[in-house]
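Colleague: Please see the structure below; I have some questions.
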Amino acid sequence: MRLFEYQAKELFAAAGLTTPVGRPATTVEEAVTAAAEVGYPVVLKSQVLTGGRGKAGGIKFADDVEEVRERTAALLAMDIKGEPVERLLIEEKLDIKQEIYLSITMDRAAKKPVLIVSAAGGMDIEELADSNPEAIQKYWINPLTGLYPHHALVLFQQAGFSGTILRQLSGIAVNLYKLFTRYESELVEINPLVLTGDGKLLAADGKMILDANGGGVKLMGAEQEEGMRYVGLDGDIGILANGAGNTMMTMDMVSHMGGEPANFLEVGGELYKRSEEALNYLLSTRSDLNGILVNLFGAYARTDVIVEGIIRGMKANDINIPIVFRVMGTGEERARELVQDYLGISPHTTLDEAARDIVQKAAAYKAKGE
Ligand code: GDP
Ligand code: MN
């Protein structure tokens, strides 16, 4: 499961990494508002899951509102390697002094994560790997002990960095490793990590691939049944999501929006076909929920099949607490129709919108009951 840049950057920011000021937009008018909030000059970035956007013309700059109108219209009419551009990220344009490459990926052969650094990051990193592999440094992380700042310091020094920036860079690598482990990632990548003219380091691009099968989150007190993982918490918002990383992200986002998750219920692997049971299980463990957030990210799992099961469960249980859906990926079109037909509201596409919505609705529901 690959995240969009704007999603990866939400997680980066939550992990303490500095990202450029930015706003998402799906229409020209939204882009105009976003650019005004961000401040000119801006960069207009197509949100697609295929790589190499820059080279494909998917990144443009704008100095004023006229340029925003003209160029966002052009971007929203494009497709990149067959993927239509449906969303943009409007960001402050950075004054780039240097582009650094930084990533952590799972080395399957070594069974260890590897930290990869290059002082010559940017769009030509792949050619660099072929033409000048010495310009790319690697450090294999011991998964038992984790990544310590001094490991990263040595690596950045080998990559040619010196002085005060070394400490900042190794802090960024340590945060990136926390993110990598927290979301059971296959890859977290910042390319470029930008050094600006005034000496700041910002993640100007972000790529994250989460483990599609959700690996094995080991949590204290977790009930595990064929890929269904339930952990009870103290809050009042039930969470039903698929995939380990996606579930964790959902919890984090609900907390970030000021809500309190009541549980952690992950429906993994084949279990997506049994979402009605998952909902029943959630309702049987807690009778005092003020809301439920269903967050589905379909890759292998079909979101329409999951939604179908949940709606069956809602009908059977005669649910009257607020329930908010966020749906994205495989089966999305039909899943949206099903939610729209049953609830009269269409599901959210972004997690932050969905989390904000359920936190508000749960608070209103609670207030009504008191
Ligand atoms: P990618 O092509 O999909 O990897 O997209 P990136 O987000 O990495 O952007 C591609 C390139 O656009 C970067 O390597 C930069 O050279 C350039 N770029 C992106 N954002 C900015 C910015 O804020 N300022 C400037 N000057 N260049 C940028
Ligand atoms: Mn990039």
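Within each chain, counting starts at residue 1; across the structure tokens, chains are named A, B, ... in the order shown, with ligands numbered 1 upward in that order.
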Using only C-alpha atoms, determine which residues lie at most 7 Å from Ala204 of chain A, disregarding the query and same-chain residues fewer than 3 positions distant; provide the list as a list of chain:residue names.
Modeller: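 Surrounding residues, per the criterion: A:Thr19, A:Pro20, A:Pro192, A:Leu193, A:Val194.
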Colleague: As a PyMOL selection string, please: the residues near segment 320-332 of chain A (cut-off 8 Å, only C-alpha atoms, same-chain neighbours under 2 positions excluded).
Modeller: chain A and resi 289-305+318+334-336+339+347-351+354+357-358+361-362+365
Colleague: So, with only C-alpha atoms as the atoms that count, which of A:Glu333, A:Asp341, A:Glu186, A:Glu126 lies closest to Lys112 of chain A?
Modeller: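 With only C-alpha atoms as the atom set, the closest residue is A:Glu186.
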Colleague: Give the helix (DSSP H, G or I) residues of segment 203-282 of chain A, as assigned by DSSP on the backbone, as a PyMOL selection string.
Modeller: chain A and resi 244-256+269-282
Colleague: Now that the selection is made, can you save its residues with C-alpha atoms as an mmCIF file, in the first residue's frame?
Modeller:
```
data_model
loop_
_atom_site.group_PDB
_atom_site.id
_atom_site.type_symbol
_atom_site.label_atom_id
_atom_site.label_comp_id
_atom_site.auth_asym_id
_atom_site.auth_seq_id
_atom_site.Cartn_x
_atom_site.Cartn_y
_atom_site.Cartn_z
ATOM 1 C CA ALA A 244 -1.863 -2.670 10.403
ATOM 2 C CA GLY A 245 -0.265 0.578 9.267
ATOM 3 C CA ASN A 246 -3.588 1.997 8.161
ATOM 4 C CA THR A 247 -5.199 1.131 11.502
ATOM 5 C CA MET A 248 -2.391 2.715 13.469
ATOM 6 C CA MET A 249 -2.583 5.801 11.299
ATOM 7 C CA THR A 250 -6.333 6.019 11.925
ATOM 8 C CA MET A 251 -5.839 5.934 15.694
ATOM 9 C CA ASP A 252 -3.157 8.578 15.491
ATOM 10 C CA MET A 253 -5.324 10.840 13.345
ATOM 11 C CA VAL A 254 -8.350 10.547 15.662
ATOM 12 C CA SER A 255 -6.123 11.501 18.598
ATOM 13 C CA HIS A 256 -4.585 14.315 16.582
ATOM 14 C CA GLY A 269 -5.672 -10.360 5.029
ATOM 15 C CA GLU A 270 -8.610 -12.549 3.969
ATOM 16 C CA LEU A 271 -10.672 -11.340 6.882
ATOM 17 C CA TYR A 272 -11.898 -8.367 4.886
ATOM 18 C CA LYS A 273 -14.703 -10.648 3.719
ATOM 19 C CA ARG A 274 -15.909 -10.936 7.308
ATOM 20 C CA SER A 275 -16.348 -7.275 8.164
ATOM 21 C CA GLU A 276 -19.874 -7.825 9.504
ATOM 22 C CA GLU A 277 -18.428 -10.063 12.207
ATOM 23 C CA ALA A 278 -15.750 -7.484 12.904
ATOM 24 C CA LEU A 279 -18.403 -4.822 13.469
ATOM 25 C CA ASN A 280 -20.405 -7.170 15.685
ATOM 26 C CA TYR A 281 -17.298 -7.899 17.693
ATOM 27 C CA LEU A 282 -16.580 -4.206 18.133
#
```
Colleague: Using only C-alpha atoms, which protein or nucleic acid residues come within 12 Å of Arg167 of chain A? Drop anything in the same chain fewer than 6 positions from it, and give the result as a list in words.
Modeller: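 Contacts, in chain order: Tyr148, Pro149, His150, His151, Ala152, Leu153, Val154, Leu155, Phe156, Gln157, Phe161, Ala173, Val174 and Leu201 of chain A.
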Colleague: Let's have the selection written as a short mmCIF file (atom, residue, chain, number, x, y, z; two decimals), in the first residue's frame, with all heavy atoms.
Modeller:
```
data_model
loop_
_atom_site.label_atom_id
_atom_site.label_comp_id
_atom_site.auth_asym_id
_atom_site.auth_seq_id
_atom_site.Cartn_x
_atom_site.Cartn_y
_atom_site.Cartn_z
N TYR A 148 20.61 4.43 16.25
CA TYR A 148 21.07 5.45 17.19
C TYR A 148 21.64 6.64 16.43
O TYR A 148 22.16 6.48 15.33
CB TYR A 148 22.14 4.86 18.12
CG TYR A 148 21.54 3.92 19.13
CD1 TYR A 148 21.50 2.55 18.89
CD2 TYR A 148 20.96 4.42 20.29
CE1 TYR A 148 20.92 1.69 19.81
CE2 TYR A 148 20.37 3.56 21.21
CZ TYR A 148 20.36 2.20 20.96
OH TYR A 148 19.77 1.37 21.86
N PRO A 149 21.56 7.83 17.03
CA PRO A 149 22.06 9.02 16.33
C PRO A 149 23.50 8.87 15.85
O PRO A 149 23.82 9.32 14.75
CB PRO A 149 21.96 10.11 17.40
CG PRO A 149 20.89 9.65 18.32
CD PRO A 149 20.94 8.15 18.32
N HIS A 150 24.36 8.20 16.63
CA HIS A 150 25.76 8.12 16.20
C HIS A 150 25.94 7.24 14.96
O HIS A 150 26.84 7.48 14.17
CB HIS A 150 26.69 7.69 17.34
CG HIS A 150 26.40 6.34 17.90
ND1 HIS A 150 25.51 6.16 18.93
CD2 HIS A 150 26.86 5.12 17.57
CE1 HIS A 150 25.45 4.87 19.21
NE2 HIS A 150 26.26 4.22 18.39
N HIS A 151 25.08 6.23 14.79
CA HIS A 151 25.16 5.43 13.55
C HIS A 151 24.91 6.34 12.34
O HIS A 151 25.62 6.30 11.35
CB HIS A 151 24.08 4.34 13.51
CG HIS A 151 24.20 3.31 14.58
ND1 HIS A 151 23.11 2.77 15.21
CD2 HIS A 151 25.29 2.73 15.13
CE1 HIS A 151 23.51 1.88 16.09
NE2 HIS A 151 24.84 1.84 16.07
N ALA A 152 23.86 7.13 12.47
CA ALA A 152 23.48 8.02 11.37
C ALA A 152 24.54 9.10 11.15
O ALA A 152 24.88 9.41 10.00
CB ALA A 152 22.12 8.64 11.65
N LEU A 153 25.10 9.62 12.25
CA LEU A 153 26.14 10.65 12.15
C LEU A 153 27.30 10.16 11.28
O LEU A 153 27.76 10.87 10.38
CB LEU A 153 26.72 10.96 13.54
CG LEU A 153 26.07 12.06 14.35
CD1 LEU A 153 26.74 12.16 15.72
CD2 LEU A 153 26.21 13.40 13.63
N VAL A 154 27.75 8.94 11.56
CA VAL A 154 28.88 8.38 10.82
C VAL A 154 28.53 8.26 9.33
O VAL A 154 29.32 8.62 8.46
CB VAL A 154 29.28 7.00 11.40
CG1 VAL A 154 30.31 6.30 10.51
CG2 VAL A 154 29.81 7.15 12.82
N LEU A 155 27.31 7.80 9.07
CA LEU A 155 26.89 7.62 7.68
C LEU A 155 26.85 8.96 6.93
O LEU A 155 27.32 9.07 5.80
CB LEU A 155 25.53 6.93 7.63
CG LEU A 155 25.13 6.47 6.23
CD1 LEU A 155 25.97 5.27 5.80
CD2 LEU A 155 23.65 6.10 6.17
N PHE A 156 26.27 9.97 7.56
CA PHE A 156 26.19 11.29 6.90
C PHE A 156 27.58 11.88 6.69
O PHE A 156 27.83 12.57 5.70
CB PHE A 156 25.30 12.25 7.70
CG PHE A 156 23.83 11.99 7.52
CD1 PHE A 156 23.06 11.45 8.54
CD2 PHE A 156 23.20 12.28 6.32
CE1 PHE A 156 21.70 11.20 8.38
CE2 PHE A 156 21.85 12.03 6.13
CZ PHE A 156 21.10 11.49 7.17
N GLN A 157 28.47 11.59 7.63
CA GLN A 157 29.84 12.07 7.46
C GLN A 157 30.49 11.40 6.25
O GLN A 157 31.12 12.06 5.43
CB GLN A 157 30.63 11.76 8.72
CG GLN A 157 31.88 12.61 8.86
CD GLN A 157 32.47 12.46 10.24
OE1 GLN A 157 32.47 11.37 10.81
NE2 GLN A 157 32.97 13.56 10.78
N PHE A 161 28.96 15.15 4.58
CA PHE A 161 28.46 16.27 5.38
C PHE A 161 29.38 16.52 6.56
O PHE A 161 30.04 15.61 7.05
CB PHE A 161 27.05 15.98 5.89
CG PHE A 161 26.04 15.89 4.79
CD1 PHE A 161 25.69 14.65 4.25
CD2 PHE A 161 25.45 17.03 4.26
CE1 PHE A 161 24.76 14.56 3.22
CE2 PHE A 161 24.53 16.95 3.24
CZ PHE A 161 24.18 15.71 2.71
N ALA A 173 17.07 11.24 10.50
CA ALA A 173 17.14 9.80 10.20
C ALA A 173 16.53 8.99 11.34
O ALA A 173 15.81 8.01 11.10
CB ALA A 173 18.59 9.40 9.95
N VAL A 174 16.78 9.40 12.58
CA VAL A 174 16.22 8.67 13.74
C VAL A 174 14.69 8.78 13.74
O VAL A 174 13.99 7.78 13.95
CB VAL A 174 16.85 9.19 15.06
CG1 VAL A 174 16.09 8.66 16.27
CG2 VAL A 174 18.33 8.78 15.13
N LEU A 201 16.35 22.43 6.99
CA LEU A 201 16.18 21.14 6.32
C LEU A 201 14.71 20.78 6.30
O LEU A 201 14.06 20.72 7.36
CB LEU A 201 16.95 20.05 7.07
CG LEU A 201 18.46 20.05 6.87
CD1 LEU A 201 19.13 19.21 7.94
CD2 LEU A 201 18.83 19.51 5.49
#
```
